$ cat model-v9.cif   # mmCIF, C-alpha atoms
data_start
#
loop_
_atom_site.label_atom_id
_atom_site.label_comp_id
_atom_site.auth_asym_id
_atom_site.auth_seq_id
_atom_site.Cartn_x
_atom_site.Cartn_y
_atom_site.Cartn_z
CA MET A 1 -16.86 10.97 15.15
CA LYS A 2 -18.73 10.30 11.95
CA GLU A 3 -15.71 11.27 9.83
CA GLU A 4 -13.52 9.09 12.03
CA LYS A 5 -15.72 6.05 11.44
CA LYS A 6 -15.75 6.71 7.69
CA ALA A 7 -11.95 6.87 7.73
CA MET A 8 -11.72 3.58 9.63
CA ILE A 9 -14.07 1.87 7.17
CA ALA A 10 -12.08 3.30 4.25
CA ALA A 11 -8.84 1.98 5.74
CA GLY A 12 -10.35 -1.46 6.34
CA VAL A 13 -11.73 -1.76 2.81
CA GLY A 14 -8.62 -0.29 1.19
CA TYR A 15 -6.16 -2.59 2.91
CA SER A 16 -8.47 -5.56 2.34
CA ILE A 17 -8.24 -4.86 -1.40
CA PHE A 18 -4.45 -4.87 -1.05
CA GLY A 19 -4.78 -8.36 0.41
CA LEU A 20 -5.14 -9.87 -3.05
CA SER A 21 -2.45 -7.72 -4.65
CA TYR A 22 0.37 -10.17 -3.93
CA LEU A 23 -1.60 -12.99 -5.53
CA PHE A 24 -2.21 -11.02 -8.72
CA SER A 25 1.35 -9.65 -8.77
CA LYS A 26 2.81 -13.16 -8.48
CA MET A 27 0.46 -14.35 -11.21
CA ALA A 28 1.54 -11.57 -13.57
CA LEU A 29 5.24 -11.95 -12.74
CA ASN A 30 5.05 -15.60 -13.84
CA ILE A 31 4.20 -14.27 -17.30
CA THR A 32 6.42 -11.23 -17.79
CA GLU A 33 9.22 -9.09 -16.39
CA PRO A 34 8.64 -6.74 -13.40
CA MET A 35 9.11 -3.54 -15.41
CA ILE A 36 6.65 -4.63 -18.11
CA LEU A 37 4.08 -5.38 -15.41
CA LEU A 38 4.63 -1.98 -13.80
CA CYS A 39 4.41 -0.19 -17.16
CA VAL A 40 1.09 -1.82 -18.04
CA ARG A 41 -0.28 -1.58 -14.51
CA PHE A 42 0.25 2.17 -14.26
CA THR A 43 -1.00 2.76 -17.77
CA VAL A 44 -4.27 1.15 -16.66
CA THR A 45 -4.24 3.25 -13.49
CA VAL A 46 -3.77 6.58 -15.30
CA VAL A 47 -6.41 5.72 -17.90
CA VAL A 48 -8.93 4.85 -15.17
CA LEU A 49 -8.12 7.97 -13.15
CA ASN A 50 -8.50 10.27 -16.17
CA ILE A 51 -11.80 8.67 -17.15
CA LEU A 52 -13.10 9.24 -13.61
CA VAL A 53 -11.90 12.86 -13.64
CA LEU A 54 -13.29 13.63 -17.11
CA THR A 55 -16.67 12.15 -16.20
CA LYS A 56 -16.54 14.21 -12.97
CA VAL A 57 -16.83 11.16 -10.77
CA LEU A 58 -13.67 12.45 -9.09
CA LYS A 59 -12.98 16.13 -8.48
CA LEU A 60 -9.46 17.36 -9.28
CA ASN A 61 -8.13 20.88 -8.75
CA LEU A 62 -4.36 21.28 -8.93
CA LYS A 63 -4.32 24.81 -10.38
CA GLY A 64 -1.94 27.13 -8.54
CA LYS A 65 -0.79 24.48 -6.07
CA ASN A 66 2.84 23.68 -5.35
CA LEU A 67 3.23 20.08 -6.52
CA THR A 68 6.73 19.51 -5.13
CA GLY A 69 5.41 17.45 -2.21
CA PRO A 70 3.05 15.21 -4.22
CA ILE A 71 5.73 14.65 -6.89
CA LEU A 72 8.22 13.61 -4.18
CA LEU A 73 5.53 11.30 -2.82
CA GLY A 74 5.10 9.81 -6.31
CA ILE A 75 8.84 9.18 -6.56
CA LEU A 76 8.83 7.39 -3.22
CA SER A 77 5.54 5.56 -3.74
CA PRO A 78 4.73 4.20 -6.22
CA VAL A 79 8.11 4.48 -8.03
CA LEU A 80 10.67 3.32 -5.47
CA TYR A 81 8.20 1.21 -3.50
CA PHE A 82 6.96 -0.80 -6.47
CA VAL A 83 10.41 -1.21 -8.03
CA PHE A 84 11.80 -2.77 -4.86
CA GLU A 85 8.60 -4.69 -4.08
CA ASN A 86 8.29 -6.31 -7.51
CA TYR A 87 11.95 -7.34 -7.65
CA GLY A 88 11.71 -8.50 -4.04
CA LEU A 89 8.67 -10.64 -4.82
CA SER A 90 10.57 -12.26 -7.68
CA TYR A 91 13.41 -13.45 -5.44
CA THR A 92 11.78 -14.30 -2.11
CA THR A 93 9.26 -16.80 -0.79
CA THR A 94 5.64 -16.07 0.03
CA SER A 95 6.34 -16.63 3.74
CA PHE A 96 9.17 -14.09 3.83
CA THR A 97 7.03 -11.56 1.96
CA GLY A 98 4.31 -12.06 4.56
CA ILE A 99 6.77 -11.61 7.41
CA MET A 100 8.08 -8.36 5.94
CA SER A 101 4.55 -7.15 5.30
CA SER A 102 3.57 -7.92 8.88
CA SER A 103 6.30 -5.61 10.16
CA SER A 104 4.97 -2.59 8.24
CA PRO A 105 2.65 -1.36 11.08
CA ILE A 106 5.69 -1.20 13.38
CA PHE A 107 7.77 0.62 10.76
CA THR A 108 4.90 3.05 10.20
CA ALA A 109 4.33 3.66 13.92
CA LEU A 110 8.04 4.47 14.35
CA MET A 111 7.96 6.81 11.33
CA GLY A 112 4.93 8.52 12.83
CA VAL A 113 6.80 9.09 16.09
CA ILE A 114 9.88 10.46 14.30
CA PHE A 115 8.30 12.63 11.62
CA LEU A 116 4.81 13.44 12.90
CA ARG A 117 5.20 13.29 16.68
CA GLU A 118 2.30 10.84 16.79
CA ARG A 119 3.06 8.63 19.78
CA PRO A 120 0.95 5.51 20.31
CA ASN A 121 0.24 4.80 23.97
CA TRP A 122 1.35 1.56 25.63
CA LYS A 123 -2.03 -0.12 25.09
CA GLN A 124 -1.81 0.64 21.36
CA TRP A 125 1.74 -0.73 21.18
CA ILE A 126 0.55 -3.98 22.75
CA CYS A 127 -2.26 -4.22 20.19
CA ILE A 128 0.14 -3.46 17.31
CA VAL A 129 2.44 -6.27 18.46
CA LEU A 130 -0.58 -8.59 18.83
CA SER A 131 -1.71 -7.98 15.24
CA VAL A 132 1.84 -8.34 13.91
CA ALA A 133 2.21 -11.62 15.82
CA GLY A 134 -1.02 -12.87 14.23
CA VAL A 135 0.29 -12.07 10.76
CA LEU A 136 3.58 -13.80 11.57
CA MET A 137 1.75 -16.95 12.65
CA VAL A 138 0.09 -17.15 9.25
CA SER A 139 3.20 -16.18 7.27
CA LEU A 140 5.51 -18.73 8.88
CA GLY A 141 3.21 -21.51 7.76
CA SER A 142 3.05 -20.47 4.10
CA GLY A 143 4.86 -21.44 0.91
CA GLY A 144 8.36 -22.76 0.41
CA GLY A 145 11.06 -21.78 -2.01
CA GLU A 146 14.32 -19.92 -1.63
CA ASN A 147 15.14 -16.40 -0.52
CA THR A 148 18.05 -14.42 -1.92
CA VAL A 149 19.91 -11.66 -0.12
CA ALA A 150 19.01 -9.21 -2.90
CA GLY A 151 15.35 -10.15 -2.72
CA CYS A 152 15.22 -9.74 1.08
CA LEU A 153 16.98 -6.39 0.87
CA CYS A 154 14.61 -5.17 -1.84
CA LEU A 155 11.56 -6.01 0.28
CA LEU A 156 13.06 -4.34 3.36
CA ILE A 157 13.68 -1.14 1.41
CA ALA A 158 10.19 -1.31 -0.12
CA PHE A 159 8.43 -1.50 3.24
CA LEU A 160 10.61 1.22 4.79
CA VAL A 161 9.83 3.50 1.84
CA GLY A 162 6.15 2.60 2.14
CA ALA A 163 6.14 3.43 5.85
CA TYR A 164 7.72 6.84 5.27
CA SER A 165 5.32 7.54 2.39
CA THR A 166 2.35 7.19 4.74
CA THR A 167 3.77 9.91 6.98
CA LEU A 168 4.29 12.14 3.95
CA ILE A 169 0.68 11.62 2.86
CA ARG A 170 -0.40 12.66 6.36
CA ARG A 171 1.73 15.81 6.16
CA LEU A 172 0.36 16.79 2.74
CA SER A 173 -3.27 16.07 3.57
CA ASP A 174 -4.04 19.59 4.76
CA LYS A 175 -3.19 21.01 1.31
CA PHE A 176 -4.29 18.24 -1.05
CA THR A 177 -7.30 15.94 -1.20
CA ALA A 178 -6.97 12.16 -1.42
CA VAL A 179 -7.93 12.37 -5.12
CA GLU A 180 -5.26 14.98 -5.87
CA LEU A 181 -2.51 13.05 -4.07
CA THR A 182 -3.51 9.78 -5.73
CA TYR A 183 -3.66 11.39 -9.19
CA VAL A 184 -0.20 12.98 -8.94
CA MET A 185 1.34 9.86 -7.36
CA PHE A 186 0.26 7.58 -10.15
CA THR A 187 0.92 10.04 -12.95
CA VAL A 188 4.52 10.19 -11.74
CA GLY A 189 4.56 6.39 -11.58
CA PHE A 190 3.15 6.04 -15.10
CA VAL A 191 5.72 8.42 -16.65
CA PHE A 192 8.62 6.80 -14.82
CA PHE A 193 7.74 3.17 -15.52
CA ALA A 194 6.81 3.79 -19.16
CA ILE A 195 10.16 5.49 -19.82
CA TRP A 196 12.09 2.82 -17.89
CA ALA A 197 10.40 -0.04 -19.75
CA PHE A 198 11.08 1.46 -23.17
CA VAL A 199 14.70 2.28 -22.28
CA GLN A 200 15.42 -1.09 -20.65
CA TYR A 201 13.94 -3.27 -23.38
CA ARG A 202 14.40 -0.84 -26.28
CA GLY A 203 12.76 -2.19 -29.42
CA GLU A 204 11.36 -5.25 -27.65
CA THR A 205 9.08 -3.37 -25.24
CA VAL A 206 6.00 -3.33 -27.45
CA SER A 207 6.34 -7.00 -28.38
CA MET A 208 6.85 -7.96 -24.72
CA ILE A 209 3.72 -6.05 -23.71
CA ALA A 210 1.77 -7.67 -26.55
CA THR A 211 2.98 -11.12 -25.52
CA ALA A 212 1.97 -10.50 -21.90
CA LEU A 213 -1.44 -9.20 -22.97
CA SER A 214 -2.06 -12.42 -24.90
CA HIS A 215 -2.47 -14.12 -21.52
CA GLY A 216 -5.88 -13.77 -19.91
CA LYS A 217 -4.39 -14.05 -16.42
CA PHE A 218 -2.09 -11.11 -17.10
CA ILE A 219 -4.99 -8.92 -18.27
CA VAL A 220 -7.05 -9.81 -15.20
CA SER A 221 -4.06 -9.12 -12.96
CA CYS A 222 -3.43 -5.70 -14.49
CA LEU A 223 -7.09 -4.73 -14.28
CA TYR A 224 -7.15 -5.64 -10.61
CA LEU A 225 -3.76 -4.10 -9.77
CA GLY A 226 -4.10 -1.02 -11.96
CA GLY A 227 -7.80 -0.38 -11.41
CA LEU A 228 -9.13 -1.68 -8.13
CA ALA A 229 -5.90 -1.82 -6.11
CA SER A 230 -4.17 1.33 -7.37
CA VAL A 231 -7.18 3.61 -7.88
CA GLY A 232 -9.74 2.25 -5.44
CA ALA A 233 -7.54 1.11 -2.57
CA TYR A 234 -5.16 4.08 -2.70
CA LEU A 235 -8.03 6.57 -2.75
CA LEU A 236 -9.49 4.89 0.31
CA THR A 237 -6.22 4.62 2.25
CA ASN A 238 -5.15 8.17 1.35
CA TYR A 239 -8.55 9.35 2.57
CA SER A 240 -8.10 7.50 5.86
CA LEU A 241 -4.55 8.82 6.35
CA ALA A 242 -5.85 12.37 6.01
CA ARG A 243 -8.21 11.79 8.94
CA LEU A 244 -6.50 9.30 11.24
CA PRO A 245 -3.03 9.09 12.81
CA VAL A 246 -0.83 6.80 10.73
CA THR A 247 -0.76 4.10 13.41
CA ARG A 248 -4.55 3.84 13.53
CA ALA A 249 -4.94 3.92 9.75
CA THR A 250 -2.16 1.54 8.74
CA ILE A 251 -2.88 -1.09 11.41
CA PHE A 252 -5.71 -2.09 9.06
CA ASN A 253 -2.95 -3.32 6.76
CA CYS A 254 -3.13 -6.52 8.83
CA PHE A 255 -6.53 -7.11 7.24
CA SER A 256 -4.69 -7.90 4.02
CA THR A 257 -3.41 -11.11 5.61
CA ILE A 258 -6.95 -12.19 6.51
CA VAL A 259 -8.08 -11.53 2.94
CA SER A 260 -5.07 -13.38 1.47
CA VAL A 261 -5.60 -16.47 3.61
CA SER A 262 -9.38 -16.43 3.13
CA SER A 263 -9.00 -16.22 -0.65
CA GLY A 264 -6.65 -19.21 -0.56
CA VAL A 265 -9.16 -21.21 1.46
CA ILE A 266 -12.09 -20.25 -0.81
CA LEU A 267 -10.43 -20.20 -4.24
CA MET A 268 -7.50 -22.59 -3.87
CA ARG A 269 -9.03 -24.94 -1.28
CA ASP A 270 -6.15 -24.34 1.12
CA PRO A 271 -6.68 -25.80 4.60
CA PHE A 272 -7.99 -23.49 7.31
CA THR A 273 -6.21 -24.54 10.51
CA VAL A 274 -6.68 -23.79 14.17
CA THR A 275 -3.52 -21.67 13.93
CA SER A 276 -5.12 -19.57 11.22
CA ALA A 277 -8.25 -19.09 13.32
CA VAL A 278 -6.22 -17.99 16.36
CA ALA A 279 -4.15 -15.66 14.18
CA PHE A 280 -7.32 -14.08 12.76
CA VAL A 281 -8.61 -13.39 16.27
CA MET A 282 -5.27 -11.83 17.26
CA ILE A 283 -5.24 -9.60 14.19
CA LEU A 284 -8.84 -8.46 14.63
CA PHE A 285 -8.41 -7.77 18.34
CA GLY A 286 -5.18 -5.88 17.67
CA VAL A 287 -6.77 -3.67 15.01
CA PHE A 288 -9.76 -3.03 17.27
CA GLY A 289 -7.50 -2.22 20.22
CA VAL A 290 -5.28 0.25 18.38
CA ASN A 291 -8.36 2.30 17.50
CA ARG A 292 -10.27 1.67 20.73
CA PHE A 293 -7.41 2.73 23.00
CA ALA A 294 -6.54 5.88 21.04
CA SER A 295 -6.05 8.91 23.23
CA GLY A 296 -5.91 12.60 22.49
CA LYS A 297 -2.17 12.55 23.10
CA SER A 298 -1.61 10.24 20.14
CA GLU A 299 -3.54 12.46 17.77
CA LYS A 300 -1.65 14.96 15.68
CA SER A 301 -2.70 18.55 16.25
CA GLU A 302 -3.46 20.92 13.46
CA GLU A 303 -0.46 23.00 14.52
CA VAL A 304 1.89 20.05 14.04
CA THR A 305 0.27 19.33 10.68
CA ALA A 306 0.94 22.87 9.52
CA ASN A 307 4.53 22.79 10.74
CA HIS A 308 5.27 19.60 8.80
CA ALA A 309 3.42 20.49 5.57
#
$ encode --input "model-v9.cif" --output "C-alpha cells"
Amino acid sequence: MKEEKKAMIAAGVGYSIFGLSYLFSKMALNITEPMILLCVRFTVTVVVLNILVLTKVLKLNLKGKNLTGPILLGILSPVLYFVFENYGLSYTTTSFTGIMSSSSPIFTALMGVIFLRERPNWKQWICIVLSVAGVLMVSLGSGGGENTVAGCLCLLIAFLVGAYSTTLIRRLSDKFTAVELTYVMFTVGFVFFAIWAFVQYRGETVSMIATALSHGKFIVSCLYLGGLASVGAYLLTNYSLARLPVTRATIFNCFSTIVSVSSGVILMRDPFTVTSAVAFVMILFGVFGVNRFASGKSEKSEEVTANHA
C-alpha cells in the first residue's frame, strides 16, 4: 500500500509538471522552428541526465541488458510523439489541443485493455468520463485561432502514440527501472533530433540555435521543458507506471489541466469562472474515483507482465 501511495503521488506531481509544458512550448515556438526547439530541449535533457548519473544522484545499470524495447520506446516517445505534438501545436488552437489532451486517458485505458489486459471496472469508466468531461469544459472555453487538418491529424497521432507508449513502459517495467527507461528514451530522442535539425537546416542550424538562445524566454522554456518536464516529470510518471495500472496512473494527466488553468489565473490574470470551478471538482472526483474504485480484477498480474515483456 505504501508503494501504491508513492506511485499515486509521483503520477500527480509528474502530470502536474506537464501542465505547464504547453505554455512553455508555445512560448518557444513563437521564437523558433519546432525542430530547433526539440534539438535544444533534448540536448538539455541529456546533459541533465548525465550530470545526475555521474554524480550518482541517479543509478543507471544497462550492462548486459537487451535494449531493443527501450530503444523502440524512445522512437515512439519522445521521437514520434514530440514531432507530431510540436507540429500539431503550431497549427491548432489552444482549445483543440486541450480537447485532444483530455481524450488521452480514454485512449490509454483502451490501449491497456488491448495490450495489457487491464480492464477498468464500470465505476472507473464513469470516473474517467467524468474527468475527461471536466477537461473538455475548460478546453472549450479557451483561446481562439484556426485549426488546420494537418495540425489536427498531427495531434491525434501524437496522443495515440503517447497512449501506446504508456503501455510499453508498463510492459518493460519488470526489466528496467524508471531511470533506465527515461535515460534510454531521451538519449534516443537527443540523437534523432540533433541529426534531424542539422540535416534539415544544414549550415543554418548553429545560427538558428544561437538566435533562439539570444531570447531569454526561449532559454527559460528549454530549461523547463528539457530539465523539469523531461527529466523530472518523466522519471515520476515512469515510476508510477511501473507500479500502477495504466488507467490509474495516467488519469492523473487530467491534473495538467488544473495546473494550466491555475497558472493562467495566477500569472496571466485570466478569469476564474464558475465553469472552471465545476470542472475542477469533476476532474478531482474523477481522478479520486478511478483509484478509489480499483479492484483486483483491473490489476495486471505478474504473469501477464512477464508474458508481455
$ closest_residue --input "model-v9.cif" --among "A:Leu80, A:Val246, A:Leu153, A:Ile128" --to "Thr108 of chain A" --atoms "all atoms listed in the file"
A:Val246
$ closest_residue --input "model-v9.cif" --among "A:Thr92, A:Ser173, A:Leu110, A:Met100" --to "Thr257 of chain A" --atoms "only C-alpha atoms"
A:Met100
$ residues_around --input "model-v9.cif" --residues "Leu116 of chain A" --least-positions-apart "3" --cutoff "7 Å" --atoms "all atoms listed in the file" --output "ChimeraX atom specification"
/A:112-113,167
$ closest_residue --input "model-v9.cif" --among "A:Val53, A:Val290, A:Leu168, A:Leu228" --to "Ile75 of chain A" --atoms "only C-alpha atoms"
A:Leu168
$ residues_near_point --input "model-v9.cif" --point "(-5.3, 4.4, 9.8)" --cutoff "10 Å" --atoms "all atoms listed in the file" --output "ChimeraX atom specification"
/A:4,7-12,15,105,166,237-253,287,290-291
$ residues_around --input "model-v9.cif" --residues "segment 26-34 of chain A" --least-positions-apart "3" --cutoff "7 Å" --atoms "all atoms listed in the file" --output "MDAnalysis selection string"
chainID A and resid 22:23 37:38 86:87 212 218 221
$ residues_around --input "model-v9.cif" --residues "segment 184-190 of chain A" --least-positions-apart "2" --cutoff "10 Å" --atoms "all atoms listed in the file" --output "JSON, numbers by chain"
{"A": [38, 39, 40, 41, 42, 43, 44, 45, 46, 47, 49, 50, 62, 67, 69, 70, 71, 72, 73, 74, 75, 76, 77, 78, 79, 80, 82, 179, 180, 181, 182, 192, 193, 194, 195, 196, 226, 230, 231, 234]}
$ atom_distance --input "model-v9.cif" --atom1 "atom CA of Val149 of chain A" --atom2 "atom CA of Val161 of chain A"
18.3 Å
$ resolve_selection --input "model-v9.cif" --expression "the PyMOL selection byres ((chain A and resi 120-126) around 8)" --output "ChimeraX atom specification"
/A:109,118-119,127-130,247,286,289-291,293-295,298
$ closest_residue --input "model-v9.cif" --among "A:Tyr201, A:Phe24, A:Leu160, A:Val138" --to "Tyr81 of chain A" --atoms "all atoms listed in the file"
A:Leu160
$ build_atoms --input "model-v9.cif" --residues "segment 275-286 of chain A" --atoms "all heavy atoms" --output "CSV table (one decimal), in the frame of the given file"
chain,number,residue,atom,x,y,z
A,275,THR,N,-4.5,-22.8,13.9
A,275,THR,CA,-3.5,-21.7,13.9
A,275,THR,C,-4.0,-20.4,13.2
A,275,THR,O,-3.9,-19.3,13.7
A,275,THR,CB,-2.2,-22.1,13.4
A,275,THR,OG1,-1.7,-23.2,14.1
A,275,THR,CG2,-1.2,-21.0,13.4
A,276,SER,N,-4.6,-20.7,12.0
A,276,SER,CA,-5.1,-19.6,11.2
A,276,SER,C,-6.3,-18.9,12.0
A,276,SER,O,-6.3,-17.6,12.0
A,276,SER,CB,-5.6,-20.1,9.9
A,276,SER,OG,-4.6,-20.6,9.1
A,277,ALA,N,-7.1,-19.7,12.6
A,277,ALA,CA,-8.2,-19.1,13.3
A,277,ALA,C,-7.8,-18.2,14.5
A,277,ALA,O,-8.3,-17.1,14.7
A,277,ALA,CB,-9.2,-20.2,13.8
A,278,VAL,N,-6.8,-18.7,15.2
A,278,VAL,CA,-6.2,-18.0,16.4
A,278,VAL,C,-5.6,-16.7,15.9
A,278,VAL,O,-5.7,-15.6,16.5
A,278,VAL,CB,-5.2,-18.9,17.1
A,278,VAL,CG1,-4.5,-18.0,18.2
A,278,VAL,CG2,-5.9,-20.0,17.8
A,279,ALA,N,-4.8,-16.8,14.8
A,279,ALA,CA,-4.2,-15.7,14.2
A,279,ALA,C,-5.2,-14.6,13.8
A,279,ALA,O,-4.9,-13.4,14.0
A,279,ALA,CB,-3.3,-16.1,13.0
A,280,PHE,N,-6.3,-15.0,13.2
A,280,PHE,CA,-7.3,-14.1,12.8
A,280,PHE,C,-7.8,-13.3,14.0
A,280,PHE,O,-8.1,-12.1,13.9
A,280,PHE,CB,-8.5,-14.8,12.1
A,280,PHE,CG,-8.2,-15.1,10.6
A,280,PHE,CD1,-6.9,-15.2,10.1
A,280,PHE,CD2,-9.3,-15.4,9.8
A,280,PHE,CE1,-6.7,-15.5,8.8
A,280,PHE,CE2,-9.1,-15.7,8.4
A,280,PHE,CZ,-7.8,-15.8,7.9
A,281,VAL,N,-8.1,-14.0,15.1
A,281,VAL,CA,-8.6,-13.4,16.3
A,281,VAL,C,-7.6,-12.4,16.8
A,281,VAL,O,-8.0,-11.3,17.2
A,281,VAL,CB,-8.9,-14.4,17.3
A,281,VAL,CG1,-9.3,-13.8,18.7
A,281,VAL,CG2,-10.1,-15.3,16.9
A,282,MET,N,-6.3,-12.7,16.8
A,282,MET,CA,-5.3,-11.8,17.3
A,282,MET,C,-5.2,-10.6,16.4
A,282,MET,O,-5.1,-9.4,16.9
A,282,MET,CB,-3.9,-12.5,17.2
A,282,MET,CG,-3.8,-13.7,18.3
A,282,MET,SD,-2.3,-14.7,18.0
A,282,MET,CE,-1.0,-13.5,18.3
A,283,ILE,N,-5.3,-10.7,15.1
A,283,ILE,CA,-5.2,-9.6,14.2
A,283,ILE,C,-6.4,-8.7,14.4
A,283,ILE,O,-6.3,-7.5,14.6
A,283,ILE,CB,-5.2,-10.1,12.7
A,283,ILE,CG1,-3.9,-10.8,12.4
A,283,ILE,CG2,-5.4,-8.9,11.8
A,283,ILE,CD1,-3.9,-11.5,11.1
A,284,LEU,N,-7.6,-9.3,14.5
A,284,LEU,CA,-8.8,-8.5,14.6
A,284,LEU,C,-8.8,-7.7,16.0
A,284,LEU,O,-9.2,-6.5,16.0
A,284,LEU,CB,-10.1,-9.4,14.5
A,284,LEU,CG,-10.3,-9.9,13.1
A,284,LEU,CD1,-11.5,-11.0,13.2
A,284,LEU,CD2,-10.7,-8.8,12.1
A,285,PHE,N,-8.4,-8.4,17.0
A,285,PHE,CA,-8.4,-7.8,18.3
A,285,PHE,C,-7.4,-6.7,18.4
A,285,PHE,O,-7.6,-5.6,18.9
A,285,PHE,CB,-8.1,-8.8,19.5
A,285,PHE,CG,-8.2,-8.2,20.8
A,285,PHE,CD1,-9.4,-8.1,21.5
A,285,PHE,CD2,-7.0,-7.7,21.5
A,285,PHE,CE1,-9.5,-7.5,22.7
A,285,PHE,CE2,-7.1,-7.2,22.7
A,285,PHE,CZ,-8.3,-7.0,23.4
A,286,GLY,N,-6.2,-6.9,17.7
A,286,GLY,CA,-5.2,-5.9,17.7
A,286,GLY,C,-5.6,-4.6,16.9
A,286,GLY,O,-5.4,-3.5,17.4
